[in-house]
>>> print(open('my_file.csv').read())   # CSV, C-alpha atoms
chain,number,residue,atom,x,y,z
A,25,MET,CA,-89.9,-106.0,116.5
A,26,SER,CA,-93.3,-105.1,115.2
A,27,GLU,CA,-94.3,-105.7,111.7
A,28,GLU,CA,-96.6,-103.6,109.4
A,29,ALA,CA,-97.8,-105.1,106.2
A,30,VAL,CA,-99.9,-103.7,103.4
A,31,GLU,CA,-101.7,-106.0,100.9
A,32,PHE,CA,-99.2,-106.7,98.1
A,33,ALA,CA,-101.2,-107.0,94.9
A,34,ASP,CA,-104.2,-108.5,93.2
A,35,ARG,CA,-104.8,-109.3,89.6
A,36,PRO,CA,-102.8,-107.4,87.1
A,37,ASP,CA,-104.3,-104.3,85.5
A,38,SER,CA,-104.2,-104.7,81.8
A,39,SER,CA,-104.0,-100.9,81.3
A,40,SER,CA,-100.4,-101.0,82.4
A,41,ARG,CA,-99.1,-103.7,80.1
A,42,ASN,CA,-95.6,-103.3,78.7
A,43,PRO,CA,-96.2,-101.6,75.4
A,44,MET,CA,-93.1,-103.3,73.9
A,45,THR,CA,-94.2,-106.9,74.7
A,46,GLY,CA,-97.9,-106.8,75.2
A,47,LYS,CA,-97.4,-108.9,78.3
A,48,ARG,CA,-97.3,-108.0,82.0
A,49,LEU,CA,-95.5,-109.5,84.9
A,50,ARG,CA,-96.2,-108.7,88.6
A,51,ILE,CA,-93.2,-106.8,89.6
A,52,ALA,CA,-92.2,-105.8,93.2
A,53,VAL,CA,-89.4,-103.4,94.1
A,54,GLY,CA,-87.7,-104.1,97.4
A,55,ILE,CA,-85.4,-101.7,99.3
A,56,ALA,CA,-83.5,-102.4,102.5
A,57,THR,CA,-82.5,-99.1,104.1
A,58,ALA,CA,-80.5,-97.8,107.0
A,59,GLY,CA,-79.5,-94.3,107.9
A,60,ARG,CA,-80.2,-92.7,104.6
A,61,LYS,CA,-83.7,-91.2,104.9
A,62,ALA,CA,-83.1,-88.1,102.8
A,63,ILE,CA,-81.5,-90.1,100.0
A,64,LEU,CA,-84.3,-92.6,100.1
A,65,ASP,CA,-86.8,-89.9,99.5
A,66,TYR,CA,-85.1,-89.2,96.1
A,67,THR,CA,-85.0,-92.9,95.2
A,68,LEU,CA,-88.7,-93.3,96.0
A,69,GLY,CA,-89.5,-90.2,93.9
A,70,LEU,CA,-87.7,-91.8,90.9
A,71,ILE,CA,-89.6,-95.1,91.4
A,72,ALA,CA,-92.9,-93.1,91.4
A,73,ARG,CA,-91.9,-91.6,88.0
A,74,GLN,CA,-91.1,-94.9,86.3
A,75,THR,CA,-92.6,-95.4,82.8
A,76,ARG,CA,-93.8,-98.7,84.1
A,77,LEU,CA,-94.8,-98.5,87.7
A,78,PRO,CA,-94.1,-101.4,90.0
A,79,ASP,CA,-97.1,-103.4,91.3
A,80,ALA,CA,-95.7,-103.0,94.8
A,81,LEU,CA,-92.9,-101.5,96.8
A,82,ILE,CA,-91.6,-103.3,99.8
A,83,VAL,CA,-89.4,-101.3,102.1
A,84,CYS,CA,-87.5,-102.8,105.1
A,85,PRO,CA,-86.0,-100.0,107.2
A,86,ALA,CA,-83.4,-100.7,110.0
A,87,THR,CA,-85.4,-98.4,112.3
A,88,PRO,CA,-88.7,-96.5,111.8
A,89,ASP,CA,-86.7,-93.3,111.7
A,90,ASP,CA,-85.1,-94.4,108.4
A,91,LEU,CA,-88.4,-94.0,106.5
A,92,ASN,CA,-90.6,-91.1,105.5
A,93,ALA,CA,-94.0,-92.7,106.1
A,94,GLN,CA,-95.9,-89.8,104.6
A,95,LEU,CA,-94.0,-89.9,101.3
A,96,LEU,CA,-94.5,-93.7,101.2
A,97,SER,CA,-98.3,-93.3,101.6
A,98,ASP,CA,-98.5,-90.8,98.7
A,99,LEU,CA,-96.9,-93.2,96.2
A,100,PRO,CA,-99.1,-94.3,93.2
A,101,PHE,CA,-98.8,-98.0,93.9
A,102,ARG,CA,-99.2,-100.5,96.8
A,103,THR,CA,-96.6,-100.2,99.5
A,104,SER,CA,-95.5,-102.5,102.3
A,105,VAL,CA,-93.3,-101.9,105.3
A,106,ARG,CA,-91.5,-104.8,106.9
A,107,THR,CA,-89.4,-104.6,110.1
A,108,GLY,CA,-87.1,-107.2,111.7
A,109,LYS,CA,-83.5,-107.9,112.5
A,110,ARG,CA,-81.1,-105.2,111.3
A,111,GLY,CA,-78.6,-106.2,108.6
A,112,LEU,CA,-78.8,-106.2,104.8
A,113,THR,CA,-79.4,-109.9,104.4
A,114,ALA,CA,-82.0,-110.1,107.1
A,115,GLN,CA,-83.8,-107.1,105.8
A,116,ARG,CA,-83.8,-108.4,102.2
A,117,ASN,CA,-85.3,-111.7,103.5
A,118,GLN,CA,-88.1,-109.7,105.1
A,119,ILE,CA,-88.8,-108.3,101.6
A,120,LEU,CA,-88.7,-111.8,100.0
A,121,ALA,CA,-91.2,-113.0,102.6
A,122,GLU,CA,-93.6,-110.2,101.6
A,123,ALA,CA,-93.3,-110.6,97.8
A,124,THR,CA,-95.6,-113.7,97.8
A,125,LEU,CA,-97.4,-112.8,94.6
A,126,ALA,CA,-94.6,-111.3,92.6
A,127,ASP,CA,-93.3,-112.8,89.4
A,128,VAL,CA,-90.2,-110.6,89.6
A,129,ILE,CA,-88.5,-108.9,92.6
A,130,VAL,CA,-86.2,-105.9,91.8
A,131,PHE,CA,-83.8,-105.0,94.6
A,132,PHE,CA,-82.5,-101.4,94.6
A,133,ASP,CA,-80.0,-100.0,97.2
A,134,ASP,CA,-81.5,-97.0,98.9
A,135,ASP,CA,-78.9,-94.9,97.1
A,136,PHE,CA,-79.4,-96.3,93.6
A,137,PHE,CA,-81.2,-93.8,91.3
A,138,PRO,CA,-82.8,-95.8,88.5
A,139,GLN,CA,-83.3,-94.4,85.0
A,140,LEU,CA,-87.1,-93.8,84.5
A,141,ASN,CA,-87.5,-96.7,82.1
A,142,TYR,CA,-85.6,-99.2,84.3
A,143,ILE,CA,-88.6,-101.3,85.4
A,144,GLU,CA,-90.0,-101.3,81.9
A,145,GLU,CA,-86.8,-102.7,80.6
A,146,ILE,CA,-86.7,-105.3,83.4
A,147,GLU,CA,-90.1,-106.5,82.3
A,148,ARG,CA,-89.1,-106.6,78.7
A,149,LEU,CA,-86.0,-108.7,79.4
A,150,PHE,CA,-87.8,-111.3,81.5
A,151,VAL,CA,-90.6,-111.6,79.1
A,152,GLU,CA,-88.4,-112.0,76.0
A,153,SER,CA,-86.0,-114.4,77.7
A,154,ALA,CA,-87.8,-117.2,79.6
A,155,ASP,CA,-84.5,-118.8,80.5
A,156,VAL,CA,-83.2,-115.8,82.4
A,157,VAL,CA,-83.5,-116.0,86.2
A,158,ALA,CA,-81.4,-113.0,87.3
A,159,ILE,CA,-80.5,-109.7,85.7
A,160,THR,CA,-78.2,-106.9,86.8
A,161,GLY,CA,-77.1,-103.6,85.4
A,162,ARG,CA,-73.8,-101.6,85.7
A,163,PRO,CA,-74.3,-98.0,86.9
A,164,ILE,CA,-73.6,-95.1,84.6
A,165,ILE,CA,-71.5,-93.8,87.4
A,166,ASP,CA,-70.7,-95.8,90.6
A,167,GLY,CA,-70.0,-93.6,93.5
A,168,ALA,CA,-69.0,-96.7,95.5
A,169,ASN,CA,-65.7,-96.6,93.7
A,170,GLY,CA,-64.9,-93.0,94.7
A,171,PRO,CA,-66.0,-90.3,97.1
A,172,GLY,CA,-69.6,-90.8,96.2
A,173,VAL,CA,-72.1,-88.8,94.0
A,174,GLU,CA,-74.3,-86.1,95.3
A,175,ALA,CA,-78.0,-86.6,94.8
A,176,GLU,CA,-78.5,-83.5,92.7
A,177,VAL,CA,-75.6,-84.5,90.5
A,178,ALA,CA,-77.0,-88.0,90.1
A,179,LEU,CA,-80.4,-86.6,89.1
A,180,LYS,CA,-78.8,-84.4,86.4
A,181,ILE,CA,-76.8,-87.4,85.1
A,182,ILE,CA,-80.1,-89.4,84.7
A,183,ALA,CA,-81.8,-86.4,83.0
A,184,ASP,CA,-79.0,-86.0,80.6
A,185,ASP,CA,-78.8,-89.7,79.9
A,186,GLY,CA,-82.4,-89.7,78.8
A,187,LEU,CA,-84.9,-92.5,78.1
A,188,HIS,CA,-83.5,-93.5,74.7
A,189,THR,CA,-82.0,-97.0,75.1
A,190,ARG,CA,-78.9,-96.9,73.1
A,191,ASP,CA,-77.7,-100.5,73.7
A,192,ARG,CA,-80.0,-103.4,74.4
A,193,SER,CA,-77.2,-106.0,74.4
A,194,VAL,CA,-76.8,-108.5,77.2
A,195,GLU,CA,-74.0,-110.7,78.3
A,196,PRO,CA,-73.5,-113.5,80.8
A,197,THR,CA,-72.2,-112.5,84.2
A,198,TYR,CA,-71.0,-114.5,87.2
A,199,GLY,CA,-73.4,-112.8,89.6
A,200,THR,CA,-75.6,-109.8,90.2
A,201,TYR,CA,-74.5,-106.4,91.6
A,202,GLY,CA,-76.5,-105.7,94.7
A,203,CYS,CA,-77.3,-102.1,94.1
A,204,ASN,CA,-79.6,-103.0,91.2
A,205,MET,CA,-80.6,-106.6,90.6
A,206,ALA,CA,-83.8,-108.5,89.7
A,207,PHE,CA,-84.8,-112.1,90.1
A,208,ARG,CA,-87.5,-114.4,88.7
A,209,MET,CA,-89.4,-115.4,91.8
A,210,GLY,CA,-90.5,-118.8,90.5
A,211,PRO,CA,-87.1,-120.4,90.8
A,212,VAL,CA,-86.4,-118.5,94.1
A,213,ARG,CA,-89.5,-120.1,95.6
A,214,GLU,CA,-88.8,-123.6,94.1
A,215,LEU,CA,-85.3,-123.6,95.5
A,216,GLY,CA,-86.4,-122.1,98.8
A,217,LEU,CA,-83.7,-119.4,98.5
A,218,SER,CA,-83.0,-116.7,101.0
A,219,PHE,CA,-80.1,-114.3,101.6
A,220,ASP,CA,-77.5,-115.8,103.9
A,221,GLU,CA,-77.9,-114.2,107.4
A,222,ASN,CA,-74.5,-115.5,108.3
A,223,LEU,CA,-73.3,-112.5,106.4
A,224,PRO,CA,-74.3,-109.8,108.9
A,225,LEU,CA,-74.6,-106.0,108.8
A,226,TYR,CA,-73.5,-104.8,105.3
A,227,GLY,CA,-73.5,-108.4,104.1
A,228,TRP,CA,-70.6,-108.0,101.6
A,229,GLN,CA,-70.9,-110.5,98.7
A,230,GLU,CA,-74.4,-111.5,99.6
A,231,ASP,CA,-75.5,-110.5,96.1
A,232,ILE,CA,-73.1,-113.0,94.5
A,233,ASP,CA,-74.0,-115.7,96.9
A,234,PHE,CA,-77.7,-115.4,96.3
A,235,SER,CA,-77.5,-115.2,92.5
A,236,ARG,CA,-75.0,-118.0,92.2
A,237,GLN,CA,-77.5,-120.3,93.8
A,238,LEU,CA,-79.8,-119.6,90.9
A,239,SER,CA,-77.2,-120.4,88.2
A,240,GLY,CA,-78.4,-123.9,87.8
A,241,ALA,CA,-81.9,-122.7,87.1
A,242,GLY,CA,-81.2,-120.4,84.2
A,243,ARG,CA,-79.1,-117.6,82.9
A,244,ILE,CA,-77.7,-114.6,84.9
A,245,ILE,CA,-77.2,-111.6,82.6
A,246,ASP,CA,-75.8,-108.1,82.6
A,247,ALA,CA,-78.1,-105.9,80.6
A,248,LYS,CA,-76.8,-102.6,79.1
A,249,ALA,CA,-80.4,-101.2,79.0
A,250,LEU,CA,-80.6,-101.1,82.8
A,251,ARG,CA,-79.2,-97.7,83.6
A,252,GLY,CA,-78.9,-95.6,86.8
A,253,VAL,CA,-76.5,-93.9,89.2
A,254,HIS,CA,-75.2,-95.5,92.3
A,255,LEU,CA,-74.5,-92.7,94.7
A,256,GLY,CA,-72.2,-94.8,96.9
A,257,ALA,CA,-73.3,-92.8,99.9
A,258,LYS,CA,-70.9,-93.2,102.8
A,259,GLY,CA,-73.5,-92.8,105.6
A,260,GLY,CA,-75.1,-96.0,107.0
A,261,ARG,CA,-72.1,-98.2,106.2
A,262,THR,CA,-70.2,-100.5,108.5
A,263,SER,CA,-66.9,-99.5,110.1
A,264,GLY,CA,-63.6,-99.8,108.3
A,265,VAL,CA,-62.4,-102.6,110.7
A,266,ARG,CA,-65.5,-104.6,110.3
A,267,PHE,CA,-65.6,-104.1,106.5
A,268,GLY,CA,-61.9,-105.1,106.3
A,269,TYR,CA,-62.6,-108.3,108.2
A,270,SER,CA,-65.6,-109.1,105.9
A,271,GLN,CA,-63.3,-108.6,102.9
A,272,ILE,CA,-61.5,-111.8,104.0
A,273,ALA,CA,-64.0,-113.7,106.0
A,274,ASN,CA,-66.9,-113.5,103.6
A,275,PRO,CA,-65.1,-114.9,100.5
A,276,VAL,CA,-63.6,-117.7,102.6
A,277,TYR,CA,-67.0,-118.6,104.0
A,278,LEU,CA,-68.6,-118.6,100.5
A,279,ILE,CA,-65.8,-120.7,99.0
A,280,ARG,CA,-66.3,-123.2,101.8
A,281,LYS,CA,-70.1,-123.0,101.3
A,282,GLY,CA,-69.6,-123.8,97.7
A,283,THR,CA,-71.6,-120.9,96.2
A,284,VAL,CA,-68.6,-119.1,94.7
A,285,SER,CA,-65.4,-120.5,93.1
A,286,PHE,CA,-61.9,-119.9,94.4
A,287,SER,CA,-61.1,-118.5,90.9
A,288,PHE,CA,-63.7,-115.7,91.5
A,289,ALA,CA,-63.2,-115.1,95.2
A,290,GLY,CA,-59.4,-115.5,95.6
A,291,PRO,CA,-58.4,-112.6,93.3
A,292,LEU,CA,-61.1,-110.5,94.8
A,293,LEU,CA,-59.8,-111.2,98.3
A,294,TRP,CA,-56.2,-110.4,97.6
A,295,ARG,CA,-56.9,-107.3,95.4
A,296,ASN,CA,-58.6,-105.8,98.4
A,297,VAL,CA,-55.8,-106.6,100.8
A,298,LEU,CA,-53.2,-105.2,98.5
A,299,ALA,CA,-55.2,-102.1,97.8
A,300,ASN,CA,-55.6,-101.5,101.5
A,301,LEU,CA,-51.9,-102.1,102.1
A,302,ALA,CA,-50.8,-99.8,99.3
A,303,ARG,CA,-53.1,-96.9,100.1
A,304,SER,CA,-52.9,-97.0,103.9
A,305,VAL,CA,-49.9,-94.7,103.7
A,306,ARG,CA,-51.9,-91.9,101.9
A,307,PRO,CA,-55.6,-93.1,102.2
A,308,GLU,CA,-58.4,-91.5,100.4
A,309,PRO,CA,-60.5,-89.2,102.6
A,310,TRP,CA,-63.6,-91.2,102.0
A,311,ILE,CA,-62.2,-94.7,102.9
A,312,ASP,CA,-60.8,-95.9,106.2
A,313,ARG,CA,-58.0,-97.8,104.6
A,314,ARG,CA,-56.1,-98.3,107.9
A,315,GLY,CA,-59.2,-99.6,109.5
A,316,ARG,CA,-59.8,-102.0,106.6
A,317,LEU,CA,-56.2,-103.2,106.7
A,318,ARG,CA,-56.5,-103.8,110.4
A,319,GLY,CA,-59.7,-105.8,109.8
A,320,ASN,CA,-57.8,-107.7,107.0
A,321,CYS,CA,-55.0,-108.6,109.4
A,322,MET,CA,-57.5,-109.7,112.1
A,323,ALA,CA,-59.3,-112.0,109.6
A,324,LEU,CA,-56.0,-113.5,108.3
A,325,GLY,CA,-55.0,-114.2,111.9
A,326,ASP,CA,-58.4,-115.9,112.6
A,327,PHE,CA,-58.0,-117.9,109.4
A,328,LEU,CA,-54.7,-119.2,110.5
A,329,ALA,CA,-56.2,-120.0,114.0
A,330,GLY,CA,-59.1,-121.8,112.4
A,331,ARG,CA,-61.8,-119.5,113.8
A,332,ILE,CA,-62.6,-117.2,110.9
A,333,ALA,CA,-66.3,-116.5,110.5
A,334,PRO,CA,-68.3,-113.6,109.0
A,335,GLN,CA,-70.3,-113.2,112.2
A,336,ARG,CA,-67.1,-112.2,114.1
A,337,ILE,CA,-67.6,-108.6,112.9
A,338,LEU,CA,-70.4,-108.3,115.4
A,339,GLU,CA,-67.7,-108.5,118.1
A,340,LEU,CA,-65.6,-105.8,116.5
A,341,ASP,CA,-65.8,-102.0,116.8
>>> encode(input="my_file.csv", output="C-alpha cells")
Amino acid sequence: MSEEAVEFADRPDSSSRNPMTGKRLRIAVGIATAGRKAILDYTLGLIARQTRLPDALIVCPATPDDLNAQLLSDLPFRTSVRTGKRGLTAQRNQILAEATLADVIVFFDDDFFPQLNYIEEIERLFVESADVVAITGRPIIDGANGPGVEAEVALKIIADDGLHTRDRSVEPTYGTYGCNMAFRMGPVRELGLSFDENLPLYGWQEDIDFSRQLSGAGRIIDAKALRGVHLGAKGGRTSGVRFGYSQIANPVYLIRKGTVSFSFAGPLLWRNVLANLARSVRPEPWIDRRGRLRGNCMALGDFLAGRIAPQRILELD
C-alpha cells in the first residue's frame, strides 16, 4: 500500500515548555484507527485542545476512508499519515517507525477521549521520574466494560471532570492498558521493540506483551492524573468468534513466548471463558457471547490438538 509521511519534528520550541517542570520532551501521539471516522474527529479535536500540544500526531488508518484528511491538515501541530497492513499491531508498528525523533510516544485508541491536560501530565511524569519507561491511566468511565459511551456523553464527563488534578499518586502495574499508554522511546529503540504482529486484527493483549518487554528497563506505572473516557465503541471490532478464539490463543501464545506469566494470563483466560459460558444464556445486547463461547471452544480444541495459534483467527468468520 502507499505511504504518505510528513516531517515529524525539528528542535523543540522553548515557548511550549511544561510550566510545572521547566523541561520539555519531544512527544508524539499515535493513533491506529479502523472504521470510526466520526469518533476519531472528536478525539483529534480534544488533542488539538490539549494544554500541552504534542510535537507530532501520527495516524495509521486501516483504509484512507477512515480518516478526515481536511481535519488533520487543520491541526495546530505536525501530522503524519502512515498506511500499511491492516491490524492493530501492524498499524502501531507503522507509528513507531515514524516516531524517529520522539522522546515519548503516547498511544490513544481512536475512541479514547483524553482530558485536556493529559499530555501535560505525561510530560511531567516522565521528567520527574527518569526510571519510568511506561505509563498508563485508568479511564474515568470505560465503555469497553458495558454498552459503550456516546461521544456527547463522554465530552460532558470530561468537561465536568475539569482540569484540576485531584490525585497525582502513581502505583506499579503489571502492564499498560492499550486505550491510553505512553512509552519512553529510548529503551524501545535500544531493545528494538515492536508490537507482535503474530497477534492479528484487534491484537488482544498486545499492550501487555509490549509493555512487559520494557519491564527490565524501568518502572511501569499507573498514574491517577491521566484521565479520560474510553468510549468502548462497538464499531470496527473483530467478530465474536474471532475474539473468543483470541481470548484463549493469545494468552497461551504469550505464556509460551515468555512475556507474560501464567499467574497473570491463566486467570484472565478462564475468567473470560466462564463469563461467556454463564452469560450465553441471556447475553448482553452489545456482546456476542455465543460467538465468543464458540471461539473459546474452537481454541480449546486446537490447544488439545497442538495447533493453537493467534493467527488462526484469520481463517475464521
>>> closest_residue(input="my_file.csv", among="A:Ala175, A:Val212, A:Ala58, A:Ile71", to="Asp90 of chain A", atoms="only C-alpha atoms")
A:Ala58
>>> residues_around(input="my_file.csv", residues="Pro78 of chain A", least_positions_apart="6", cutoff="12 Å", atoms="all atoms listed in the file", output="VMD selection string")
chain A and resid 32 to 33 36 to 37 40 to 42 48 to 54 68 70 to 72 99 to 103 126 to 131 140 to 147
>>> write_last_selection(input="my_file.csv", atoms="C-alpha atoms", output="short mmCIF file (atom, residue, chain, number, x, y, z; two decimals), keeping the file's coordinate frame")
data_model
loop_
_atom_site.label_atom_id
_atom_site.label_comp_id
_atom_site.auth_asym_id
_atom_site.auth_seq_id
_atom_site.Cartn_x
_atom_site.Cartn_y
_atom_site.Cartn_z
CA PHE A 32 -99.20 -106.70 98.10
CA ALA A 33 -101.20 -107.00 94.90
CA PRO A 36 -102.80 -107.40 87.10
CA ASP A 37 -104.30 -104.30 85.50
CA SER A 40 -100.40 -101.00 82.40
CA ARG A 41 -99.10 -103.70 80.10
CA ASN A 42 -95.60 -103.30 78.70
CA ARG A 48 -97.30 -108.00 82.00
CA LEU A 49 -95.50 -109.50 84.90
CA ARG A 50 -96.20 -108.70 88.60
CA ILE A 51 -93.20 -106.80 89.60
CA ALA A 52 -92.20 -105.80 93.20
CA VAL A 53 -89.40 -103.40 94.10
CA GLY A 54 -87.70 -104.10 97.40
CA LEU A 68 -88.70 -93.30 96.00
CA LEU A 70 -87.70 -91.80 90.90
CA ILE A 71 -89.60 -95.10 91.40
CA ALA A 72 -92.90 -93.10 91.40
CA LEU A 99 -96.90 -93.20 96.20
CA PRO A 100 -99.10 -94.30 93.20
CA PHE A 101 -98.80 -98.00 93.90
CA ARG A 102 -99.20 -100.50 96.80
CA THR A 103 -96.60 -100.20 99.50
CA ALA A 126 -94.60 -111.30 92.60
CA ASP A 127 -93.30 -112.80 89.40
CA VAL A 128 -90.20 -110.60 89.60
CA ILE A 129 -88.50 -108.90 92.60
CA VAL A 130 -86.20 -105.90 91.80
CA PHE A 131 -83.80 -105.00 94.60
CA LEU A 140 -87.10 -93.80 84.50
CA ASN A 141 -87.50 -96.70 82.10
CA TYR A 142 -85.60 -99.20 84.30
CA ILE A 143 -88.60 -101.30 85.40
CA GLU A 144 -90.00 -101.30 81.90
CA GLU A 145 -86.80 -102.70 80.60
CA ILE A 146 -86.70 -105.30 83.40
CA GLU A 147 -90.10 -106.50 82.30
#
>>> atom_distance(input="my_file.csv", atom1="atom CA of Pro88 of chain A", atom2="atom CA of Phe219 of chain A")
22.2 Å
>>> residues_near_point(input="my_file.csv", point="(-61.2, -109.7, 97.9)", cutoff="10 Å", atoms="all atoms listed in the file", output="PyMOL selection string")
chain A and resi 229+268+270-276+288-299+320
>>> residues_around(input="my_file.csv", residues="Lys258 of chain A", least_positions_apart="5", cutoff="12 Å", atoms="all atoms listed in the file", output="list in words")
Ala58, Gly59, Arg60, Ile63, Asp134, Asp135, Gly167, Ala168, Asn169, Gly170, Pro171, Gly172, Val173, Glu174, Ser263, Gly264, Pro309, Trp310, Ile311 and Asp312 of chain A
>>> closest_residue(input="my_file.csv", among="A:Phe267, A:Tyr198, A:Trp228, A:Phe234", to="Leu215 of chain A", atoms="only C-alpha atoms")
A:Phe234
>>> closest_residue(input="my_file.csv", among="A:Gly252, A:Gly319, A:Gly199, A:Gly227", to="Ser285 of chain A", atoms="all atoms listed in the file")
A:Gly199
>>> closest_residue(input="my_file.csv", among="A:Leu112, A:Ile165, A:Ile159, A:Ala302", to="Glu195 of chain A", atoms="only C-alpha atoms")
A:Ile159
>>> atom_distance(input="my_file.csv", atom1="atom CA of Thr124 of chain A", atom2="atom CA of Ala154 of chain A")
20.1 Å
>>> atom_distance(input="my_file.csv", atom1="atom CA of Arg336 of chain A", atom2="atom CA of Thr113 of chain A")
15.8 Å
>>> closest_atom_pairs(input="my_file.csv", of="segment 117-195 of chain A", to="segment 238-249 of chain A", cutoff="8 Å", atoms="all atoms listed in the file", output="tab-separated table")
residue	atom	partner	partner_atom	distance
A:Tyr142	CA	A:Ala249	CA	7.7
A:Glu145	CA	A:Ala249	CA	6.8
A:Asp155	CA	A:Gly242	CA	5.2
A:Val156	CA	A:Arg243	CA	4.5
A:Val157	CA	A:Gly242	CA	5.4
A:Ala158	CA	A:Ile244	CA	4.7
A:Ile159	CA	A:Ile245	CA	4.9
A:Thr160	CA	A:Asp246	CA	5.0
A:Gly161	CA	A:Ala247	CA	5.4
A:Arg162	CA	A:Lys248	CA	7.3
A:Thr189	CA	A:Ala249	CA	6.0
A:Arg190	CA	A:Ala249	CA	7.5
A:Asp191	CA	A:Lys248	CA	5.9
A:Arg192	CA	A:Ala249	CA	5.1
A:Ser193	CA	A:Lys248	CA	5.8
A:Val194	CA	A:Ala247	CA	4.5
A:Glu195	CA	A:Asp246	CA	5.3
>>> closest_residue(input="my_file.csv", among="A:Asp185, A:Leu317, A:Ile279, A:Asp220", to="Val305 of chain A", atoms="only C-alpha atoms")
A:Leu317
>>> build_atoms(input="my_file.csv", residues="segment 105-126 of chain A", atoms="N, CA and C atoms", output="PDB file, in the frame of the given file")
ATOM      1  N   VAL A 105     -94.397-102.144 104.404  1.00  0.00           N
ATOM      2  CA  VAL A 105     -93.300-101.900 105.300  1.00  0.00           C
ATOM      3  C   VAL A 105     -93.056-103.139 106.142  1.00  0.00           C
ATOM      4  N   ARG A 106     -91.840-103.692 106.109  1.00  0.00           N
ATOM      5  CA  ARG A 106     -91.500-104.800 106.900  1.00  0.00           C
ATOM      6  C   ARG A 106     -90.371-104.426 107.892  1.00  0.00           C
ATOM      7  N   THR A 107     -90.444-104.876 109.118  1.00  0.00           N
ATOM      8  CA  THR A 107     -89.400-104.600 110.100  1.00  0.00           C
ATOM      9  C   THR A 107     -88.938-105.918 110.705  1.00  0.00           C
ATOM     10  N   GLY A 108     -87.679-105.962 111.089  1.00  0.00           N
ATOM     11  CA  GLY A 108     -87.100-107.200 111.700  1.00  0.00           C
ATOM     12  C   GLY A 108     -85.713-106.926 112.127  1.00  0.00           C
ATOM     13  N   LYS A 109     -84.913-107.968 112.093  1.00  0.00           N
ATOM     14  CA  LYS A 109     -83.500-107.900 112.500  1.00  0.00           C
ATOM     15  C   LYS A 109     -82.741-106.945 111.572  1.00  0.00           C
ATOM     16  N   ARG A 110     -81.874-106.117 112.127  1.00  0.00           N
ATOM     17  CA  ARG A 110     -81.100-105.200 111.300  1.00  0.00           C
ATOM     18  C   ARG A 110     -79.973-105.988 110.613  1.00  0.00           C
ATOM     19  N   GLY A 111     -79.662-105.562 109.394  1.00  0.00           N
ATOM     20  CA  GLY A 111     -78.600-106.200 108.600  1.00  0.00           C
ATOM     21  C   GLY A 111     -79.179-106.423 107.181  1.00  0.00           C
ATOM     22  N   LEU A 112     -78.347-106.194 106.175  1.00  0.00           N
ATOM     23  CA  LEU A 112     -78.800-106.200 104.800  1.00  0.00           C
ATOM     24  C   LEU A 112     -79.468-107.538 104.425  1.00  0.00           C
ATOM     25  N   THR A 113     -78.840-108.665 104.767  1.00  0.00           N
ATOM     26  CA  THR A 113     -79.400-109.900 104.400  1.00  0.00           C
ATOM     27  C   THR A 113     -80.731-110.209 105.095  1.00  0.00           C
ATOM     28  N   ALA A 114     -80.787-109.908 106.381  1.00  0.00           N
ATOM     29  CA  ALA A 114     -82.000-110.100 107.100  1.00  0.00           C
ATOM     30  C   ALA A 114     -83.137-109.213 106.604  1.00  0.00           C
ATOM     31  N   GLN A 115     -82.804-107.970 106.276  1.00  0.00           N
ATOM     32  CA  GLN A 115     -83.800-107.100 105.800  1.00  0.00           C
ATOM     33  C   GLN A 115     -84.304-107.488 104.376  1.00  0.00           C
ATOM     34  N   ARG A 116     -83.396-107.965 103.533  1.00  0.00           N
ATOM     35  CA  ARG A 116     -83.800-108.400 102.200  1.00  0.00           C
ATOM     36  C   ARG A 116     -84.683-109.712 102.346  1.00  0.00           C
ATOM     37  N   ASN A 117     -84.430-110.526 103.343  1.00  0.00           N
ATOM     38  CA  ASN A 117     -85.300-111.700 103.500  1.00  0.00           C
ATOM     39  C   ASN A 117     -86.690-111.304 103.975  1.00  0.00           C
ATOM     40  N   GLN A 118     -86.804-110.232 104.735  1.00  0.00           N
ATOM     41  CA  GLN A 118     -88.100-109.700 105.100  1.00  0.00           C
ATOM     42  C   GLN A 118     -88.877-109.309 103.787  1.00  0.00           C
ATOM     43  N   ILE A 119     -88.145-108.714 102.864  1.00  0.00           N
ATOM     44  CA  ILE A 119     -88.800-108.300 101.600  1.00  0.00           C
ATOM     45  C   ILE A 119     -89.203-109.509 100.789  1.00  0.00           C
ATOM     46  N   LEU A 120     -88.343-110.528 100.701  1.00  0.00           N
ATOM     47  CA  LEU A 120     -88.700-111.800 100.000  1.00  0.00           C
ATOM     48  C   LEU A 120     -89.974-112.386 100.592  1.00  0.00           C
ATOM     49  N   ALA A 121     -90.066-112.381 101.912  1.00  0.00           N
ATOM     50  CA  ALA A 121     -91.200-113.000 102.600  1.00  0.00           C
ATOM     51  C   ALA A 121     -92.505-112.257 102.252  1.00  0.00           C
ATOM     52  N   GLU A 122     -92.412-110.972 101.939  1.00  0.00           N
ATOM     53  CA  GLU A 122     -93.600-110.200 101.600  1.00  0.00           C
ATOM     54  C   GLU A 122     -94.007-110.313 100.154  1.00  0.00           C
ATOM     55  N   ALA A 123     -93.044-110.646  99.282  1.00  0.00           N
ATOM     56  CA  ALA A 123     -93.300-110.600  97.800  1.00  0.00           C
ATOM     57  C   ALA A 123     -93.947-111.951  97.387  1.00  0.00           C
ATOM     58  N   THR A 124     -95.014-112.340  98.054  1.00  0.00           N
ATOM     59  CA  THR A 124     -95.600-113.700  97.800  1.00  0.00           C
ATOM     60  C   THR A 124     -96.275-113.806  96.476  1.00  0.00           C
ATOM     61  N   LEU A 125     -96.735-112.725  95.892  1.00  0.00           N
ATOM     62  CA  LEU A 125     -97.400-112.800  94.600  1.00  0.00           C
ATOM     63  C   LEU A 125     -96.626-112.267  93.446  1.00  0.00           C
ATOM     64  N   ALA A 126     -95.392-111.886  93.694  1.00  0.00           N
ATOM     65  CA  ALA A 126     -94.600-111.300  92.600  1.00  0.00           C
ATOM     66  C   ALA A 126     -94.050-112.340  91.675  1.00  0.00           C
TER      67      ALA A 126
END
